[in-house]
Structure formats: structure tokens, C-alpha cells
Amino acid sequence: MLAWMFTDERWSSVRRFLYAGTVWGVLALAYEGLVAAQRAWPSLLADLPWASHGRVVAVAADLWVFGLLSHLLVGTALRVVGQGDREGLWSEPLANLALWLWTAAQLLSWWWLSAGWTRGRLFAEAPWPVDLLRLAGALLLYWVVRSTLARAPRRDPALALVASGFAGLPLVLVLGKGLFWPFDNPYSGVLDALSQAFLQAGLLWLWAVPVAGGVTLYVLSALTGRPGLSQGLGFAAVVGLASFGALAGPGQFVWGPVPFWVQTVGAVACGLLVLPVATLVTGAVRSLEGQWRILGDHPGVAFTVAGWLALLGGVVAQAVASLAGPSRMVSMSLWEEAVRLLLVGGCGAVAVGCAYLLLPHALGRALASRGLAWRHLWLGVAGWTLAVSSLMVAGLSQGAVWATGTVPFAHALQAVRPLVALSFTGLLAAWMGHAVFGWNVFLTADSGQPVPAAEQELAAVAGS
Amino acid sequence: MLKDSVGAVVRLVTAAVLCGFVASVLLPALDPAVRAARATPLSHQAARGRWVYVREGCAVCHTQEVRAVEARFGMVRGAGDIGEASSPAQYAGQDPALVGRLRLGPDLTHVAARTSAQDLRTLLRSGKGGMPPYRYLSEAEVADLVAYLLTLR
């Protein structure tokens, strides 16, 4: 049993992270759909404590960030990092250990949050044993990535982005969740509110986006034979994400109860975050330039491009919402929920797209069905577009009504109920799409056509 | 070559994250208005009620943050009844700080100033509009939660 769990078989950890991300993703989207359904029909499952709205939202956020996103990103990133010197990962058993730690953390978190054992902090709801397991896994993964890259023969901005993400995650967990004092919350009051905001921003901008960006640039460059970013632009993207991402948290407190200068810093950082994201998108476009037919040939590329467009839209929407004028209207409304869906959904789409592209290189088998993958893409794009656009309109409506100061709160909420129901429909489609993805991954692992060893290599072209 | 490059990236990211954390989390906590804030102790019953509030994720739908631009202007039922703007003092000693990010139910910063204990009890048991009923809570839990909500003036 132990030999199987901690096997040193090449790419075993990559495969397992991809499988785990796929399974957690089906659950995450099911919970996200349930959240939307309960917003439209508040009494749905209200008599079941484990399915009450407050608990379901906490479970959904946890499954999204740590289940779907983190597992898929780690799986794709390890495959890319291990390609560096064509010898695989520095230590498969350690990467597998990280997988089991994260799996235990995810199961415990699912169980405990459903049972109502929570720390009550946004994106940090899970109790401290879960956080410690996740931190241990993150440190192991950082060690594996760092040691693997140390053997690589050349510089690559894409790999530097991946390394920055793996360095950022433990820092975000320790500082944002207060894990330097794990048995209790070391923060309180405004300090706690700001550390929650730091954690939310950090998990996205210091962990998910750099890794997604690095993997995208590497994979697209390997597919097209064209480098994405130069060393300089890659360096600028790393610095931009780390600097502005760490400062963006207070952007959500504009007009709120934190010192004015902190609100300003947060709002400016939210605006500046557009630059590194635009840089990464530019890198992807440069890789694809002149070879746009790949977009129509492979659903994985289309998924990745759709994800980056969503991320770009999300970061712009977030920047606009943190400005003093617009924030009067959209802050705390469903607009913020729409932006969250755009950002995490965009990252998720990038991770899924890269997973599609890397499946043959990790499993040694060709994707079982491109048709199913295209169906997944269209279900995901249509569903996500419907969910995000309906919530954005709902948020703007809420904000406009609040701004009049003449309509009671409950009436404003009642007016947007149909839009919330529409967002549920969109998320249902997205969930169906992800279930199709899960089935396709299963078919590929079970009966996909074997890919010759030479074609499993993945040599990217680094920028100069 | 890459070893040096990765080391430099890691050092840079670490420095940027630490500086960002200090600037966006620690320094604001040293602001005079934040440091001057003193926590108002809760009764045992209200403290238990606050924990029910945390456990059931009430902060998912209810903010406790009246923004400066809506103070005395925004409304819950009647014009201006949302109350005064929130200040750092309101959150002093709160663990966790229950600011909330999404307002799918009314803001609760000053809920006790506009609602009675009986209304709260009925609302929790029966639900209303977008609020689900919490029939699975015990009588004691509802009493504790109401005691906590009545501290929010």
C-alpha cells in the first residue's frame, strides 16, 4: 500500500493531481450550483444543517480554491517543471506525499465545514489542522519544484512564473491564515479583516495566476514553437503580480472602516494588477501569433484562451469596482460575486485547458474524445457567460436601487431574484461541462490510444 | 544558470509579499484610530450567540459594515435606518472580524436599533423573503443568537 502511495513512477504525482482536481472540480461546481440555487430559492434544503446556505458557501469556496484550482494547477505545473531537464521530477514520492496531505486536508475540510466547524474567516474557514496539512503539502511541493528547476539547463520566464507561485503559496498561507500561530487566530478586529482580504487576494494573485500563467506560456510555446514572453517581460510579470497582488486586498474596503490611505493603496494596486495580467495575455498571443488555427484544432488551447480573456475581464472589473465612484454603487452587491466568478472561473478554465493539453504527456494516452472536450468548452463558456452576466446586471440593479435611498432592501433583492435564478442555470451548465470533462479524463486513462514516448516530450522555446 | 534565476525570483517574491503584508495589513493596524479602539466585552450568552452566527455563516449574506457614503442615507426598511458609518472601534477585539463582503440580506451593524427580540426570533424560525428558516437550531441557540444580535446597536 505504502509502495503504491509513494511510488517513484515517472509522472505518477502529475496524474494523481489531475485526477484529484477533476473529482474535486465536479464537487466544487455542484456546490457552486447549490449556492446559486439557494439564492434563488432560499428554503432549498434549509432544514438540513450540513446543507444550510452559510455552510454550503464555505464548502464551495474551499472546494474551488483548494480542490479544483490548486490540484489541477499543481498537476499541470509539475508536468511542465519536470520536463525542464527531461528527467522528471526531483522526487516523485515527495510530490505524492504532498498529494495525500492535500487529499486528507480536502476531505477533512469538506466534513468539518459541513458539520459547522469553521474559523469563520472568508477563504480561511477551514479549521487549523486542515491549514497545517495544506501548508505542509505546499512546502513539500515548493521543495520539489525548486530542486527540480535547479537541475534545468536554461532560464525560462514561464518556469520562473511557476516557481514564484510555488514560493508564494506557503507565504500566503502563513501570513493570511496566521499559521505562525496555528492553534488560534492571531489577528482580531480590523487587522483580522485586512488579513482576510490579503488571503483572498494572495491566493489568486500570488498563487493561482502566476502558476496558471507559467504553465500556459510553457505549453503554448511547446505547441507552437514560438516563445511567449522575453526574460524581461517575464520578470516584470512576476514582480507585478507579487507586488500588486500583495497590496490589492484593501481594495475591497473603499469607503469602509479602514484608514483612507489603505483604501487608496488597495484601489491603486487593484488597478495596477491589470498590467501583469495583460502582460501574460500578450505572451500567450505572441505564442499563438500566425498559428491561430491551433485554436480551432485543440479544445485545450481554446479553453486556455477563454480562461485568460475571463481573467483579463475580471481584473478590469475588479479595478473599476475599487474606484471611489463605481464602488459606491457595486460594492457588496452581486457585482462582486460576478467578479469573483470571473476570476476563479478564468483561472479554472486555464487550468482545465492546460490539463487537456497535458493529458497525453502525463498519461501517455491520447485524449479519448475531442468531441466531448468541445462540448465541455461550449457548455462551460455558455454557462459561465450566463452566470457572470446575469450577476453583473443584478449587482448593478442592486447598486442603482440602493443609491436612490428610497426603496426598501427586501424589494431590491426581490427584483433581482430572476437574474439570480438565471445564474443558477448558467452554473448548472458549467457543472454539466465539468462532469463531461471528468468522463473524458476517465475514458482517456482507461482506454485512450497510447502515445509514443517521443511524442510525450514537451520542449518549450524560451524567450531571450 | 536557472538555479540562480529561480533563487532570485523566490527572494524577490518573498520580499514583495512581506512588504505587501506589512503595508496592507500591519501598518493600518498601527493607525491611531485603529489602536485607540477598545473591545466591548460580550456577555456569555451573546458570545455563544456570536459563535452560532459564525458557525452558520451568517456573514455570507449579512455585512456589518456601513460605508461612509451610505451612512444615515442607505435604507433597510425606512430611509436612513441603516445607521451611522462603521468605524474601526466597532471591530475591536473581534475574532473573527465579521465584516462580510456580500449583502444578500440587510446590513446588521445597527440591527438592534430597529428590530425587537421577538421579531428576530420569528425571522430566524420562519425565514422571510431571501432569508431561509433556521428550524434546526435549538431554542437555546436561537436565544443565544438573538442575544448577540441585540448587542449590535
# chains A, B, ... in the order shown; residues from 1 in each chain; ligands from 1

call {"tool": "residues_around", "arguments": {"residues": "Gln118 of chain B", "least_positions_apart": "4", "cutoff": "12 Å", "atoms": "only C-alpha atoms", "output": "list in words"}}
result
Ala112, Thr122, Leu123, Leu124, Arg125, Val142, Ala143, Val146, Ala147, Leu149 and Leu150 of chain B

call {"tool": "write_last_selection", "arguments": {"atoms": "N, CA, C and O atoms", "output": "PDB file, in the first residue's frame"}}
result
ATOM      1  N   ALA B 112     -30.042  46.009  16.161  1.00  0.00           N
ATOM      2  CA  ALA B 112     -30.796  46.075  17.422  1.00  0.00           C
ATOM      3  C   ALA B 112     -31.536  47.403  17.569  1.00  0.00           C
ATOM      4  O   ALA B 112     -32.496  47.499  18.342  1.00  0.00           O
ATOM      5  N   THR B 122     -38.731  35.299  15.456  1.00  0.00           N
ATOM      6  CA  THR B 122     -39.676  34.859  14.421  1.00  0.00           C
ATOM      7  C   THR B 122     -38.979  34.717  13.070  1.00  0.00           C
ATOM      8  O   THR B 122     -39.180  33.744  12.338  1.00  0.00           O
ATOM      9  N   LEU B 123     -38.143  35.702  12.766  1.00  0.00           N
ATOM     10  CA  LEU B 123     -37.425  35.691  11.492  1.00  0.00           C
ATOM     11  C   LEU B 123     -36.512  34.473  11.387  1.00  0.00           C
ATOM     12  O   LEU B 123     -36.454  33.797  10.361  1.00  0.00           O
ATOM     13  N   LEU B 124     -35.816  34.167  12.482  1.00  0.00           N
ATOM     14  CA  LEU B 124     -34.895  33.031  12.463  1.00  0.00           C
ATOM     15  C   LEU B 124     -35.641  31.709  12.300  1.00  0.00           C
ATOM     16  O   LEU B 124     -35.168  30.790  11.629  1.00  0.00           O
ATOM     17  N   ARG B 125     -36.794  31.605  12.908  1.00  0.00           N
ATOM     18  CA  ARG B 125     -37.569  30.360  12.849  1.00  0.00           C
ATOM     19  C   ARG B 125     -38.301  30.186  11.521  1.00  0.00           C
ATOM     20  O   ARG B 125     -38.365  29.077  10.983  1.00  0.00           O
ATOM     21  N   VAL B 142     -31.099  29.710  19.387  1.00  0.00           N
ATOM     22  CA  VAL B 142     -31.816  30.888  18.889  1.00  0.00           C
ATOM     23  C   VAL B 142     -31.746  32.007  19.928  1.00  0.00           C
ATOM     24  O   VAL B 142     -31.476  33.178  19.593  1.00  0.00           O
ATOM     25  N   ALA B 143     -31.926  31.648  21.187  1.00  0.00           N
ATOM     26  CA  ALA B 143     -31.870  32.663  22.258  1.00  0.00           C
ATOM     27  C   ALA B 143     -30.482  33.309  22.311  1.00  0.00           C
ATOM     28  O   ALA B 143     -30.349  34.529  22.459  1.00  0.00           O
ATOM     29  N   VAL B 146     -30.025  35.585  19.234  1.00  0.00           N
ATOM     30  CA  VAL B 146     -30.785  36.834  19.399  1.00  0.00           C
ATOM     31  C   VAL B 146     -30.071  37.743  20.402  1.00  0.00           C
ATOM     32  O   VAL B 146     -29.962  38.964  20.191  1.00  0.00           O
ATOM     33  N   ALA B 147     -29.539  37.146  21.469  1.00  0.00           N
ATOM     34  CA  ALA B 147     -28.816  37.953  22.468  1.00  0.00           C
ATOM     35  C   ALA B 147     -27.619  38.646  21.812  1.00  0.00           C
ATOM     36  O   ALA B 147     -27.321  39.812  22.103  1.00  0.00           O
ATOM     37  N   LEU B 149     -27.328  39.399  18.521  1.00  0.00           N
ATOM     38  CA  LEU B 149     -27.805  40.417  17.570  1.00  0.00           C
ATOM     39  C   LEU B 149     -28.256  41.682  18.299  1.00  0.00           C
ATOM     40  O   LEU B 149     -28.102  42.796  17.788  1.00  0.00           O
ATOM     41  N   LEU B 150     -28.777  41.496  19.524  1.00  0.00           N
ATOM     42  CA  LEU B 150     -29.241  42.671  20.272  1.00  0.00           C
ATOM     43  C   LEU B 150     -28.079  43.518  20.802  1.00  0.00           C
ATOM     44  O   LEU B 150     -28.298  44.630  21.287  1.00  0.00           O
TER      45      LEU B 150
END

call {"tool": "residues_around", "arguments": {"residues": "Gly130 of chain B", "least_positions_apart": "5", "cutoff": "12 Å", "atoms": "only C-alpha atoms", "output": "NGL selection string"}}
result
(:A and (37-44 or 46 or 53 or 409-417 or 420)) or (:B and (61-62 or 103-106 or 123-124))

call {"tool": "atom_distance", "arguments": {"atom1": "atom CA of Asp297 of chain A", "atom2": "atom CA of Trp374 of chain A"}}
result
10.1 Å

call {"tool": "closest_residue", "arguments": {"among": "A:Pro182, A:Gly168, A:Pro257, A:Gly21", "to": "Val130 of chain A", "atoms": "only C-alpha atoms"}}
result
A:Pro182

call {"tool": "closest_residue", "arguments": {"among": "B:Leu108, B:Leu102, B:Cys58, B:Val52", "to": "Ser86 of chain B", "atoms": "only C-alpha atoms"}}
result
B:Leu108

call {"tool": "residues_around", "arguments": {"residues": "Leu30 of chain B", "least_positions_apart": "5", "cutoff": "12 Å", "atoms": "only C-alpha atoms", "output": "VMD selection string"}}
result
(chain A and resid 190 to 191 258 to 259 262) or (chain B and resid 22 to 25 35 to 37 88)

call {"tool": "closest_residue", "arguments": {"among": "A:Gly395, A:Gly189, A:Gly271, A:Gly383", "to": "chain B", "atoms": "only C-alpha atoms"}}
result
A:Gly189

call {"tool": "interface_residues", "arguments": {"of": "chain B", "to": "chain A", "cutoff": "7 Å", "atoms": "only C-alpha atoms", "output": "number ranges by chain"}}
result
B: 1-3, 5-6, 9-10, 13, 16-17, 20-21, 24-26, 28-29, 54-58, 60, 65, 67-69, 73-79, 86-88, 91-97, 99, 101-103, 106, 129-136

call {"tool": "residues_around", "arguments": {"residues": "Gly33 of chain A", "least_positions_apart": "6", "cutoff": "8 Å", "atoms": "only C-alpha atoms", "output": "PyMOL selection string"}}
result
chain A and resi 424+427-428+431

call {"tool": "write_last_selection", "arguments": {"atoms": "all heavy atoms", "output": "mmCIF file, in the first residue's frame"}}
result
data_model
loop_
_atom_site.group_PDB
_atom_site.id
_atom_site.type_symbol
_atom_site.label_atom_id
_atom_site.label_comp_id
_atom_site.auth_asym_id
_atom_site.auth_seq_id
_atom_site.Cartn_x
_atom_site.Cartn_y
_atom_site.Cartn_z
ATOM 1 N N PHE A 424 -28.053 30.531 -11.723
ATOM 2 C CA PHE A 424 -28.089 29.112 -11.365
ATOM 3 C C PHE A 424 -28.092 28.247 -12.621
ATOM 4 O O PHE A 424 -27.376 27.245 -12.716
ATOM 5 C CB PHE A 424 -29.317 28.814 -10.491
ATOM 6 C CG PHE A 424 -29.656 27.355 -10.430
ATOM 7 C CD1 PHE A 424 -28.845 26.466 -9.741
ATOM 8 C CD2 PHE A 424 -30.772 26.849 -11.096
ATOM 9 C CE1 PHE A 424 -29.141 25.107 -9.704
ATOM 10 C CE2 PHE A 424 -31.072 25.502 -11.067
ATOM 11 C CZ PHE A 424 -30.253 24.632 -10.366
ATOM 12 N N LEU A 427 -24.628 28.108 -14.023
ATOM 13 C CA LEU A 427 -23.705 27.260 -13.257
ATOM 14 C C LEU A 427 -24.038 25.785 -13.422
ATOM 15 O O LEU A 427 -23.153 24.927 -13.377
ATOM 16 C CB LEU A 427 -23.736 27.668 -11.779
ATOM 17 C CG LEU A 427 -23.020 28.996 -11.517
ATOM 18 C CD1 LEU A 427 -23.304 29.501 -10.122
ATOM 19 C CD2 LEU A 427 -21.513 28.835 -11.709
ATOM 20 N N LEU A 428 -25.333 25.492 -13.640
ATOM 21 C CA LEU A 428 -25.734 24.104 -13.890
ATOM 22 C C LEU A 428 -25.086 23.608 -15.191
ATOM 23 O O LEU A 428 -24.558 22.485 -15.256
ATOM 24 C CB LEU A 428 -27.259 24.031 -13.990
ATOM 25 C CG LEU A 428 -27.885 22.649 -14.007
ATOM 26 C CD1 LEU A 428 -27.617 21.928 -12.694
ATOM 27 C CD2 LEU A 428 -29.388 22.737 -14.252
ATOM 28 N N TRP A 431 -21.463 23.000 -14.587
ATOM 29 C CA TRP A 431 -21.265 21.743 -13.851
ATOM 30 C C TRP A 431 -21.377 20.540 -14.804
ATOM 31 O O TRP A 431 -20.560 19.604 -14.738
ATOM 32 C CB TRP A 431 -22.301 21.613 -12.722
ATOM 33 C CG TRP A 431 -22.229 20.308 -12.028
ATOM 34 C CD1 TRP A 431 -21.325 19.923 -11.079
ATOM 35 C CD2 TRP A 431 -23.079 19.162 -12.250
ATOM 36 N NE1 TRP A 431 -21.550 18.637 -10.694
ATOM 37 C CE2 TRP A 431 -22.619 18.133 -11.392
ATOM 38 C CE3 TRP A 431 -24.171 18.913 -13.069
ATOM 39 C CZ2 TRP A 431 -23.225 16.876 -11.337
ATOM 40 C CZ3 TRP A 431 -24.768 17.664 -13.018
ATOM 41 C CH2 TRP A 431 -24.293 16.671 -12.164
#

call {"tool": "residues_around", "arguments": {"residues": "Thr151 of chain B", "least_positions_apart": "3", "cutoff": "12 Å", "atoms": "only C-alpha atoms", "output": "list of chain:residue names"}}
result
B:Thr40, B:Pro41, B:Leu42, B:Ser43, B:Gln45, B:Ala46, B:Ala47, B:Gly49, B:Arg50, B:Gln90, B:Leu108, B:Thr109, B:His110, B:Val111, B:Ala112, B:Ala113, B:Thr115, B:Ser116, B:Ala117, B:Asp144, B:Leu145, B:Val146, B:Ala147, B:Tyr148

call {"tool": "atom_distance", "arguments": {"atom1": "atom CA of Trp181 of chain A", "atom2": "atom CA of Leu203 of chain A"}}
result
19.4 Å

call {"tool": "residues_around", "arguments": {"residues": "segment 298-311 of chain A", "least_positions_apart": "2", "cutoff": "8 Å", "atoms": "only C-alpha atoms", "output": "ChimeraX atom specification"}}
result
/A:216,220,277,281,294-296,313-315,342-343,345-357,370,373-374,377,381

call {"tool": "select_by_dssp", "arguments": {"residues": "segment 93-150 of chain B", "states": "alpha helix (DSSP H)", "output": "ChimeraX atom specification"}}
result
/B:117-126,139-149

call {"tool": "closest_residue", "arguments": {"among": "A:Leu89, A:Leu280, A:Val26, A:Leu275", "to": "Gly228 of chain A", "atoms": "only C-alpha atoms"}}
result
A:Leu280

call {"tool": "closest_residue", "arguments": {"among": "A:Trp439, A:His361, A:Ala454, A:Val174", "to": "Leu18 of chain B", "atoms": "only C-alpha atoms"}}
result
A:Val174

call {"tool": "residues_around", "arguments": {"residues": "Ala60 of chain A", "least_positions_apart": "6", "cutoff": "12 Å", "atoms": "only C-alpha atoms", "output": "PDB file with C-alpha atoms, in the first residue's frame"}}
result
ATOM      1  CA  TRP A  24     -12.913  17.897  -6.608  1.00  0.00           C
ATOM      2  CA  GLY A  25     -13.969  20.093  -9.529  1.00  0.00           C
ATOM      3  CA  VAL A  26     -17.183  18.126 -10.081  1.00  0.00           C
ATOM      4  CA  LEU A  27     -17.979  18.608  -6.400  1.00  0.00           C
ATOM      5  CA  ALA A  28     -16.936  22.272  -6.376  1.00  0.00           C
ATOM      6  CA  LEU A  29     -19.212  23.133  -9.282  1.00  0.00           C
ATOM      7  CA  ALA A  30     -22.066  21.125  -7.760  1.00  0.00           C
ATOM      8  CA  TYR A  31     -21.715  23.155  -4.559  1.00  0.00           C
ATOM      9  CA  GLU A  32     -21.409  26.407  -6.517  1.00  0.00           C
ATOM     10  CA  GLY A  33     -24.655  25.496  -8.300  1.00  0.00           C
ATOM     11  CA  LEU A  34     -26.320  24.733  -4.970  1.00  0.00           C
ATOM     12  CA  VAL A  35     -25.225  28.142  -3.658  1.00  0.00           C
ATOM     13  CA  ALA A  36     -26.847  29.850  -6.660  1.00  0.00           C
ATOM     14  CA  ALA A  51     -26.685  21.956   3.511  1.00  0.00           C
ATOM     15  CA  HIS A  53     -26.593  28.262   2.898  1.00  0.00           C
ATOM     16  CA  GLY A  54     -23.838  29.661   5.122  1.00  0.00           C
ATOM     17  CA  PHE A  66      -8.034  24.254  -2.812  1.00  0.00           C
ATOM     18  CA  GLY A  67      -9.812  21.362  -4.541  1.00  0.00           C
ATOM     19  CA  LEU A  68     -10.279  22.160  -8.209  1.00  0.00           C
ATOM     20  CA  GLN A 106      -9.700  18.429   1.493  1.00  0.00           C
ATOM     21  CA  SER A 109     -12.281  20.369   5.341  1.00  0.00           C
ATOM     22  CA  TRP A 110     -15.374  19.138   3.473  1.00  0.00           C
ATOM     23  CA  LEU A 113     -17.143  22.792   7.287  1.00  0.00           C
ATOM     24  CA  SER A 114     -20.348  20.852   6.545  1.00  0.00           C
ATOM     25  CA  LEU A 122     -13.566  34.306   4.395  1.00  0.00           C
ATOM     26  CA  PHE A 123     -11.489  31.840   2.323  1.00  0.00           C
ATOM     27  CA  GLU A 125     -12.936  28.942   7.029  1.00  0.00           C
ATOM     28  CA  ALA A 126     -11.238  25.568   7.377  1.00  0.00           C
ATOM     29  CA  LEU A 341     -16.744  34.009 -10.552  1.00  0.00           C
ATOM     30  CA  VAL A 344     -11.721  31.982 -10.178  1.00  0.00           C
TER      31      VAL A 344
ATOM     32  CA  VAL B  60     -22.004  35.158   3.959  1.00  0.00           C
TER      33      VAL B  60
END
